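Student: Pasting query.txt below, which is compact mmCIF, C-alpha atoms.
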# COMPACT_ATOMS: atom_id res chain seq x y z
CA MET H 215 94.68 37.06 94.10
CA ASN H 216 92.38 40.05 93.84
CA ALA H 217 88.88 40.88 92.72
CA ALA H 218 89.02 42.44 89.25
CA PRO H 219 86.18 44.96 88.95
CA LEU H 220 87.68 46.53 85.82
CA ILE H 221 87.61 43.18 84.06
CA ALA H 222 84.08 42.51 85.32
CA ALA H 223 83.09 45.88 83.84
CA LEU H 224 83.94 44.56 80.37
CA PHE H 225 80.75 42.52 80.65
CA ALA H 226 77.10 43.10 81.47
CA GLU H 227 75.86 43.52 85.02
CA GLY H 228 76.14 40.33 87.03
CA ALA H 229 79.68 39.34 85.99
CA VAL H 230 82.24 38.66 88.73
CA ALA H 231 85.97 38.55 87.93
CA TYR H 232 89.20 37.73 89.76
CA GLN H 233 92.80 37.99 88.63
CA THR H 234 96.25 37.03 89.87
CA TRP H 235 99.95 37.27 89.05
CA ASP H 236 100.79 34.74 91.76
CA THR H 237 102.08 31.21 91.12
CA TYR H 238 99.77 28.33 92.07
CA ALA H 239 100.97 24.76 92.49
CA ALA H 240 99.28 21.52 91.43
CA GLN H 241 98.35 20.91 95.06
CA THR H 242 95.73 23.67 94.80
CA LEU H 243 93.85 21.70 92.12
CA LEU H 244 90.95 19.39 92.89
CA GLY H 245 90.37 15.82 91.71
CA ALA H 246 90.08 15.57 87.93
CA GLU H 247 91.67 19.00 87.55
CA ARG H 248 94.98 17.64 88.84
CA GLU H 249 94.68 14.60 86.60
CA ALA H 250 94.17 16.86 83.56
CA VAL H 251 97.66 18.35 83.94
CA ALA H 252 99.42 15.36 85.50
CA ARG H 253 101.86 15.14 82.57
CA ALA H 254 102.06 18.87 81.84
CA VAL H 255 105.15 21.03 82.19
CA ALA H 256 105.42 23.36 85.19
CA LYS H 257 104.37 26.48 83.25
CA ARG H 258 101.15 24.83 82.08
CA ILE H 259 100.38 23.58 85.60
CA HIS H 260 100.89 27.04 87.11
CA GLU H 261 98.64 28.69 84.49
CA PHE H 262 95.95 26.03 84.84
CA ALA H 263 96.00 26.20 88.64
CA GLY H 264 95.97 30.00 88.66
CA GLY H 265 92.97 30.09 86.35
CA ARG H 266 91.07 27.58 88.46
CA ALA H 267 91.91 29.51 91.63
CA CYS H 268 90.52 32.72 90.08
CA ALA H 269 87.41 30.90 88.90
CA ARG H 270 86.74 29.45 92.36
CA ALA H 271 87.22 32.85 93.97
CA ALA H 272 84.72 34.38 91.54
CA LEU H 273 82.25 31.53 92.08
CA SER H 274 82.49 32.03 95.83
CA GLN H 275 80.96 35.48 95.31
CA LEU H 276 77.94 33.73 93.78
CA GLY H 277 77.59 31.41 96.77
CA TYR H 278 79.57 28.38 95.59
CA GLY H 279 82.08 26.48 97.71
CA ALA H 280 85.38 25.00 96.55
CA ILE H 281 83.93 23.03 93.66
CA GLU H 282 85.86 21.09 91.05
CA LEU H 283 86.01 22.55 87.53
CA PRO H 284 86.97 19.63 85.27
CA VAL H 285 88.16 19.92 81.70
CA GLY H 286 85.39 19.16 79.19
CA THR H 287 85.76 17.24 75.94
CA ASP H 288 86.04 20.61 74.17
CA ARG H 289 88.84 21.62 76.62
CA ALA H 290 86.59 24.27 78.22
CA PRO H 291 86.00 24.28 82.00
CA GLY H 292 82.99 22.35 83.25
CA TRP H 293 80.94 25.05 84.97
CA PRO H 294 78.16 24.31 87.46
CA ALA H 295 74.60 24.24 86.11
CA GLY H 296 73.26 27.75 85.75
CA ILE H 297 76.74 29.31 85.50
CA THR H 298 78.67 30.63 82.53
CA GLY H 299 82.34 31.54 82.75
CA SER H 300 85.64 32.04 81.01
CA ILE H 301 89.30 31.72 82.02
CA THR H 302 92.40 33.25 80.45
CA HIS H 303 96.11 33.12 81.22
CA THR H 304 99.24 34.51 79.62
CA GLY H 305 102.73 35.45 80.75
CA GLY H 306 102.13 34.75 84.43
CA PHE H 307 98.76 36.49 84.47
CA CYS H 308 95.55 34.55 85.12
CA ALA H 309 91.96 35.77 85.29
CA ALA H 310 88.47 34.33 85.33
CA VAL H 311 84.98 35.75 85.00
CA VAL H 312 81.68 34.07 85.90
CA ALA H 313 77.99 34.96 85.93
CA ARG H 314 74.61 33.33 86.37
CA THR H 315 73.10 32.34 83.03
CA ALA H 316 69.85 33.97 84.16
CA GLN H 317 71.70 37.31 83.76
CA ILE H 318 74.33 36.56 81.10
CA ARG H 319 73.99 33.63 78.72
CA ALA H 320 77.66 33.36 77.76
CA LEU H 321 81.03 34.99 78.46
CA GLY H 322 84.35 35.11 76.66
CA LEU H 323 87.53 36.53 78.26
CA ASP H 324 91.00 36.78 76.73
CA ALA H 325 94.31 38.46 77.60
CA GLU H 326 97.41 38.89 75.45
CA PRO H 327 100.73 40.74 75.85
CA ALA H 328 100.09 44.11 74.21
CA SER H 329 101.61 44.49 70.72
CA SER H 330 102.66 40.82 70.67
CA VAL H 331 101.03 39.83 67.36
CA LYS H 332 103.80 40.49 64.84
CA PRO H 333 103.34 41.23 61.10
CA HIS H 334 104.29 37.71 59.97
CA LEU H 335 101.12 36.45 61.72
CA TRP H 336 98.69 38.98 60.33
CA ARG H 337 97.68 37.10 57.18
CA ARG H 338 96.84 34.03 59.29
CA ILE H 339 94.46 35.85 61.64
CA CYS H 340 93.14 38.82 59.64
CA THR H 341 90.56 39.23 56.92
CA ALA H 342 91.51 41.30 53.88
CA GLU H 343 89.64 44.27 55.32
CA GLU H 344 91.42 43.99 58.69
CA LEU H 345 94.76 43.64 56.96
CA ALA H 346 94.12 46.81 54.95
CA VAL H 347 93.40 48.69 58.20
CA LEU H 348 96.63 47.47 59.79
CA GLU H 349 98.71 48.33 56.74
CA SER H 350 97.35 51.89 56.83
CA LEU H 351 98.72 52.47 60.36
CA ASP H 352 102.19 53.32 61.62
CA ALA H 353 104.15 50.32 62.91
CA PRO H 354 103.60 50.69 66.69
CA THR H 355 99.88 51.44 66.29
CA ALA H 356 99.46 48.51 63.89
CA LEU H 357 101.07 46.09 66.34
CA GLY H 358 98.68 47.19 69.06
CA ALA H 359 95.66 46.98 66.76
CA ALA H 360 96.63 43.52 65.46
CA THR H 361 96.95 42.18 69.00
CA LEU H 362 93.61 43.69 69.98
CA MET H 363 91.96 42.14 66.91
CA PHE H 364 93.42 38.74 67.77
CA SER H 365 92.35 38.95 71.41
CA ALA H 366 88.86 40.15 70.48
CA LYS H 367 88.43 37.16 68.18
CA GLU H 368 89.61 34.78 70.90
CA ALA H 369 87.13 36.27 73.40
CA PHE H 370 84.29 36.02 70.88
CA TYR H 371 85.17 32.44 69.96
CA LYS H 372 84.94 31.39 73.62
CA CYS H 373 81.68 33.25 74.15
CA GLN H 374 79.83 31.88 71.13
CA HIS H 375 81.22 28.37 71.60
CA ALA H 376 79.60 28.18 75.03
CA LEU H 377 76.21 28.43 73.32
CA THR H 378 76.78 26.71 69.98
CA ALA H 379 79.81 24.39 70.36
CA GLN H 380 80.78 25.66 66.90
CA TRP H 381 84.47 25.97 66.06
CA LEU H 382 85.36 29.05 64.03
CA ASP H 383 88.30 30.13 61.91
CA PHE H 384 89.88 33.57 62.18
CA ALA H 385 88.48 34.47 58.75
CA ASP H 386 84.89 33.79 59.87
CA ILE H 387 84.63 37.17 61.61
CA ARG H 388 86.19 40.59 61.37
CA VAL H 389 86.85 43.10 64.12
CA SER H 390 86.12 46.83 64.00
CA ILE H 391 87.95 48.74 66.76
CA GLU H 392 86.39 51.75 68.43
CA SER H 393 87.41 53.76 71.51
CA GLY H 394 87.04 51.43 74.50
CA HIS H 395 85.08 48.80 72.60
CA PHE H 396 85.05 46.73 69.42
CA GLU H 397 82.46 45.17 67.15
CA ILE H 398 82.49 41.65 65.73
CA TRP H 399 81.02 41.19 62.26
CA PRO H 400 80.40 37.79 60.65
CA THR H 401 81.92 37.09 57.25
CA ARG H 402 79.74 34.00 56.77
CA SER H 403 76.66 32.45 58.33
CA LEU H 404 77.27 31.57 62.00
CA GLN H 405 75.14 29.49 64.35
CA ILE H 406 75.30 32.13 67.07
CA ALA H 407 73.32 34.52 64.84
CA GLN H 408 70.28 32.28 65.32
CA ARG H 409 70.43 33.01 69.07
CA CYS H 410 71.68 36.59 68.99
CA ALA H 411 71.94 38.64 65.81
CA GLY H 412 75.25 40.34 65.04
CA PRO H 413 77.20 42.45 65.03
CA TRP H 414 78.38 41.62 68.53
CA ARG H 415 80.02 44.17 70.77
CA GLY H 416 82.91 43.68 73.18
CA ARG H 417 85.08 45.83 75.41
CA TYR H 418 88.79 46.00 76.16
CA LEU H 419 91.27 47.46 78.62
CA TYR H 420 95.02 47.57 79.16
CA GLU H 421 96.45 45.98 82.32
CA LYS H 422 100.21 45.99 83.13
CA GLY H 423 101.39 45.42 79.59
CA LEU H 424 98.42 43.27 78.58
CA VAL H 425 95.35 43.87 76.48
CA VAL H 426 92.28 42.23 78.03
CA THR H 427 89.11 41.69 76.00
CA GLY H 428 85.61 40.60 76.93
CA VAL H 429 82.50 39.60 75.01
CA CYS H 430 79.17 38.56 76.50
CA ILE H 431 75.73 37.58 75.25
CA VAL H 432 72.82 38.40 77.53
Take the structure in the file and give it back as structure tokens.
Tutor:
Amino acid sequence: MNAAPLIAALFAEGAVAYQTWDTYAAQTLLGAEREAVARAVAKRIHEFAGGRACARAALSQLGYGAIELPVGTDRAPGWPAGITGSITHTGGFCAAVVARTAQIRALGLDAEPASSVKPHLWRRICTAEELAVLESLDAPTALGAATLMFSAKEAFYKCQHALTAQWLDFADIRVSIESGHFEIWPTRSLQIAQRCAGPWRGRYLYEKGLVVTGVCIV
């Protein structure tokens, strides 16, 4: 496991991130964490344990010991009071980012295999405007853009949910991709707009065949 300063840089100052490609066993989990995946398959256990290990490493940089991070009723990690965080895992990669809520109110982190969102999925995750953008691009570029759009939406969903507990559909927002960052625009009224007016900006990077996205609200 390693500190992930490039991932932390996707967020505002105060974010701490760790990442790993290592495999973590159920024995590394604490209390209710282990119970949460007691009946899960090995892949799910390894991803869950890796994400918790990254989260604990990041929390240690904020002065926390080896604390338990249970699964909440909304399936999100139960962070300590005064802490916001986000965990992601895909294809053997796990990462977590945390921050004090006094500096950053909410975080959303996501990682996906680059160019993994194929055309047959586009109409399920894209607005008409996003779909028009993808269809104007050559095939390889469109695959990359579609995956980035999907990941950006996932990161935003996690971030806003931490503050509102509102569940969103893919069609509720659209993504505009720029160089090194993206913007999230609402397509309907969202609860998060009452706390922080849109559009909302996020950042992305590419890491060993993955696209990693981050959104935060300060």
Student: Closest to H:Arg270 among H:Ala295, H:Ala310, H:Tyr418, H:Ile318, using all atoms listed in the file?
Tutor: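 Closest to H:Arg270, using all atoms listed in the file: H:Ala310.
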Student: Tell me which protein, DNA and RNA residues are within 8 Å of H:Ile398, counting all atoms listed in the file, leaving out same-chain ones fewer than 4 positions away, and put them as a short mmCIF file (atom, residue, chain, number, x, y, z; two decimals) with C-alpha atoms, in the frame of the given file.
Tutor:
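In the end it all went to result-v5.cif:
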data_model
loop_
_atom_site.label_atom_id
_atom_site.label_comp_id
_atom_site.auth_asym_id
_atom_site.auth_seq_id
_atom_site.Cartn_x
_atom_site.Cartn_y
_atom_site.Cartn_z
CA LYS H 367 88.43 37.16 68.18
CA PHE H 370 84.29 36.02 70.88
CA ILE H 387 84.63 37.17 61.61
CA ARG H 388 86.19 40.59 61.37
CA VAL H 389 86.85 43.10 64.12
CA SER H 390 86.12 46.83 64.00
CA GLY H 412 75.25 40.34 65.04
CA PRO H 413 77.20 42.45 65.03
CA TRP H 414 78.38 41.62 68.53
CA ARG H 415 80.02 44.17 70.77
CA GLY H 416 82.91 43.68 73.18
#
Student: Suppose you want the space between atom CA of H:Val311 and atom CA of H:Ala222; what is it in Å?
Tutor: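 Separation of atom CA of H:Val311 and atom CA of H:Ala222: 6.8 Å.
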Student: For H:Glu344, please output as a ChimeraX atom specification all residues within 12 Å (counting all atoms listed in the file; exclusion window: fewer than 4 positions along the same chain).
Tutor: /H:336-340,348-351,356,359-364,384-385,387-391,398-399,401
Student: What does the structure give for the distance between atom CA of H:Leu273 and atom CA of H:Lys422, in Å to one decimal?
Tutor: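 Straight-line distance from atom CA of H:Leu273 to atom CA of H:Lys422 works out to 24.7 Å.
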Student: Enter the distance from atom CA of H:Leu321 to atom CA of H:Thr287, in Å, rounded to one decimal.
Tutor: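 Result for atom CA of H:Leu321 versus atom CA of H:Thr287: 18.5 Å, one decimal.
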Student: Counting all atoms listed in the file, which residue out of H:Cys308, H:Ala217, H:Ile259, H:Leu377 sits closest to H:Asp236?
Tutor: H:Cys308
Student: Would you list the residues near (87.2, 36.3, 78.1), meaning any protein, DNA or RNA residue with an atom at most 6 Å from that point in file coordinates, counting all atoms listed in the file, as a PDB file with C-alpha atoms, keeping the file's coordinate frame?
Tutor:
ATOM      1  CA  SER H 300      85.640  32.040  81.010  1.00  0.00           C
ATOM      2  CA  GLY H 322      84.350  35.110  76.660  1.00  0.00           C
ATOM      3  CA  LEU H 323      87.530  36.530  78.260  1.00  0.00           C
ATOM      4  CA  ASP H 324      91.000  36.780  76.730  1.00  0.00           C
ATOM      5  CA  ALA H 369      87.130  36.270  73.400  1.00  0.00           C
ATOM      6  CA  GLY H 428      85.610  40.600  76.930  1.00  0.00           C
TER       7      GLY H 428
END
Student: Step by step: locate stretch 238-281 of chain H in the block above, keep N, CA and C atoms, then write the file as a short mmCIF file (atom, residue, chain, number, x, y, z; two decimals), in the first residue's frame.
Tutor:
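As written to disk, decode.cif reads:
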data_model
loop_
_atom_site.label_atom_id
_atom_site.label_comp_id
_atom_site.auth_asym_id
_atom_site.auth_seq_id
_atom_site.Cartn_x
_atom_site.Cartn_y
_atom_site.Cartn_z
N TYR H 238 -5.77 -8.25 0.13
CA TYR H 238 -5.97 -8.25 1.57
C TYR H 238 -7.02 -9.30 1.94
N ALA H 239 -6.74 -10.04 2.99
CA ALA H 239 -7.61 -11.13 3.42
C ALA H 239 -8.64 -10.63 4.42
N ALA H 240 -9.64 -11.47 4.68
CA ALA H 240 -10.70 -11.12 5.63
C ALA H 240 -10.14 -10.88 7.03
N GLN H 241 -9.01 -11.51 7.33
CA GLN H 241 -8.42 -11.36 8.67
C GLN H 241 -7.96 -9.94 8.95
N THR H 242 -7.82 -9.12 7.92
CA THR H 242 -7.41 -7.73 8.14
C THR H 242 -8.59 -6.84 8.50
N LEU H 243 -9.81 -7.37 8.39
CA LEU H 243 -11.01 -6.60 8.71
C LEU H 243 -11.29 -6.61 10.20
N LEU H 244 -12.02 -5.62 10.66
CA LEU H 244 -12.33 -5.47 12.07
C LEU H 244 -13.83 -5.64 12.34
N GLY H 245 -14.15 -6.41 13.36
CA GLY H 245 -15.51 -6.52 13.87
C GLY H 245 -16.60 -6.64 12.82
N ALA H 246 -17.48 -5.63 12.80
CA ALA H 246 -18.64 -5.65 11.91
C ALA H 246 -18.24 -5.64 10.44
N GLU H 247 -17.04 -5.17 10.14
CA GLU H 247 -16.58 -5.20 8.75
C GLU H 247 -16.53 -6.64 8.25
N ARG H 248 -15.94 -7.52 9.07
CA ARG H 248 -15.82 -8.92 8.67
C ARG H 248 -17.19 -9.57 8.53
N GLU H 249 -18.10 -9.20 9.43
CA GLU H 249 -19.45 -9.74 9.36
C GLU H 249 -20.16 -9.31 8.07
N ALA H 250 -19.86 -8.11 7.59
CA ALA H 250 -20.52 -7.57 6.40
C ALA H 250 -20.23 -8.37 5.15
N VAL H 251 -19.08 -9.06 5.13
CA VAL H 251 -18.71 -9.84 3.93
C VAL H 251 -18.55 -11.31 4.27
N ALA H 252 -19.17 -11.74 5.36
CA ALA H 252 -19.01 -13.13 5.81
C ALA H 252 -19.46 -14.14 4.76
N ARG H 253 -20.45 -13.78 3.96
CA ARG H 253 -20.98 -14.71 2.95
C ARG H 253 -20.57 -14.31 1.53
N ALA H 254 -19.65 -13.36 1.43
CA ALA H 254 -19.25 -12.86 0.11
C ALA H 254 -18.23 -13.79 -0.55
N VAL H 255 -18.12 -13.68 -1.86
CA VAL H 255 -17.11 -14.44 -2.59
C VAL H 255 -15.74 -13.82 -2.35
N ALA H 256 -14.69 -14.56 -2.67
CA ALA H 256 -13.32 -14.11 -2.37
C ALA H 256 -13.00 -12.76 -3.00
N LYS H 257 -13.43 -12.53 -4.24
CA LYS H 257 -13.12 -11.27 -4.92
C LYS H 257 -13.71 -10.09 -4.15
N ARG H 258 -14.95 -10.22 -3.71
CA ARG H 258 -15.60 -9.15 -2.96
C ARG H 258 -14.88 -8.91 -1.63
N ILE H 259 -14.48 -9.97 -0.97
CA ILE H 259 -13.77 -9.84 0.31
C ILE H 259 -12.46 -9.09 0.12
N HIS H 260 -11.69 -9.47 -0.93
CA HIS H 260 -10.40 -8.83 -1.18
C HIS H 260 -10.58 -7.34 -1.47
N GLU H 261 -11.59 -7.00 -2.29
CA GLU H 261 -11.84 -5.59 -2.62
C GLU H 261 -12.26 -4.81 -1.36
N PHE H 262 -13.16 -5.39 -0.61
CA PHE H 262 -13.66 -4.73 0.60
C PHE H 262 -12.52 -4.51 1.60
N ALA H 263 -11.70 -5.55 1.81
CA ALA H 263 -10.59 -5.46 2.75
C ALA H 263 -9.54 -4.48 2.27
N GLY H 264 -9.25 -4.48 0.98
CA GLY H 264 -8.27 -3.53 0.44
C GLY H 264 -8.72 -2.10 0.60
N GLY H 265 -10.01 -1.84 0.36
CA GLY H 265 -10.54 -0.49 0.52
C GLY H 265 -10.48 -0.03 1.96
N ARG H 266 -10.84 -0.93 2.89
CA ARG H 266 -10.76 -0.58 4.31
C ARG H 266 -9.33 -0.35 4.74
N ALA H 267 -8.40 -1.13 4.23
CA ALA H 267 -6.99 -0.94 4.59
C ALA H 267 -6.49 0.42 4.12
N CYS H 268 -6.87 0.82 2.89
CA CYS H 268 -6.49 2.14 2.39
C CYS H 268 -7.11 3.25 3.23
N ALA H 269 -8.37 3.06 3.60
CA ALA H 269 -9.05 4.08 4.39
C ALA H 269 -8.39 4.24 5.75
N ARG H 270 -8.02 3.12 6.39
CA ARG H 270 -7.38 3.22 7.70
C ARG H 270 -6.00 3.87 7.60
N ALA H 271 -5.28 3.57 6.52
CA ALA H 271 -3.98 4.20 6.32
C ALA H 271 -4.13 5.71 6.16
N ALA H 272 -5.14 6.13 5.40
CA ALA H 272 -5.37 7.56 5.20
C ALA H 272 -5.80 8.22 6.51
N LEU H 273 -6.67 7.55 7.26
CA LEU H 273 -7.12 8.10 8.54
C LEU H 273 -5.98 8.23 9.54
N SER H 274 -5.00 7.33 9.44
CA SER H 274 -3.86 7.40 10.36
C SER H 274 -3.09 8.71 10.18
N GLN H 275 -3.13 9.25 8.96
CA GLN H 275 -2.44 10.52 8.70
C GLN H 275 -3.20 11.70 9.34
N LEU H 276 -4.43 11.46 9.72
CA LEU H 276 -5.23 12.49 10.40
C LEU H 276 -5.29 12.23 11.90
N GLY H 277 -4.49 11.26 12.37
CA GLY H 277 -4.38 11.03 13.80
C GLY H 277 -5.26 9.93 14.35
N TYR H 278 -5.91 9.14 13.49
CA TYR H 278 -6.78 8.08 13.96
C TYR H 278 -6.03 6.76 14.03
N GLY H 279 -6.41 5.92 15.01
CA GLY H 279 -5.85 4.59 15.12
C GLY H 279 -6.60 3.62 14.21
N ALA H 280 -6.45 2.34 14.48
CA ALA H 280 -7.07 1.30 13.66
C ALA H 280 -8.55 1.17 14.02
N ILE H 281 -9.34 2.10 13.53
CA ILE H 281 -10.76 2.11 13.87
C ILE H 281 -11.58 1.32 12.87
#
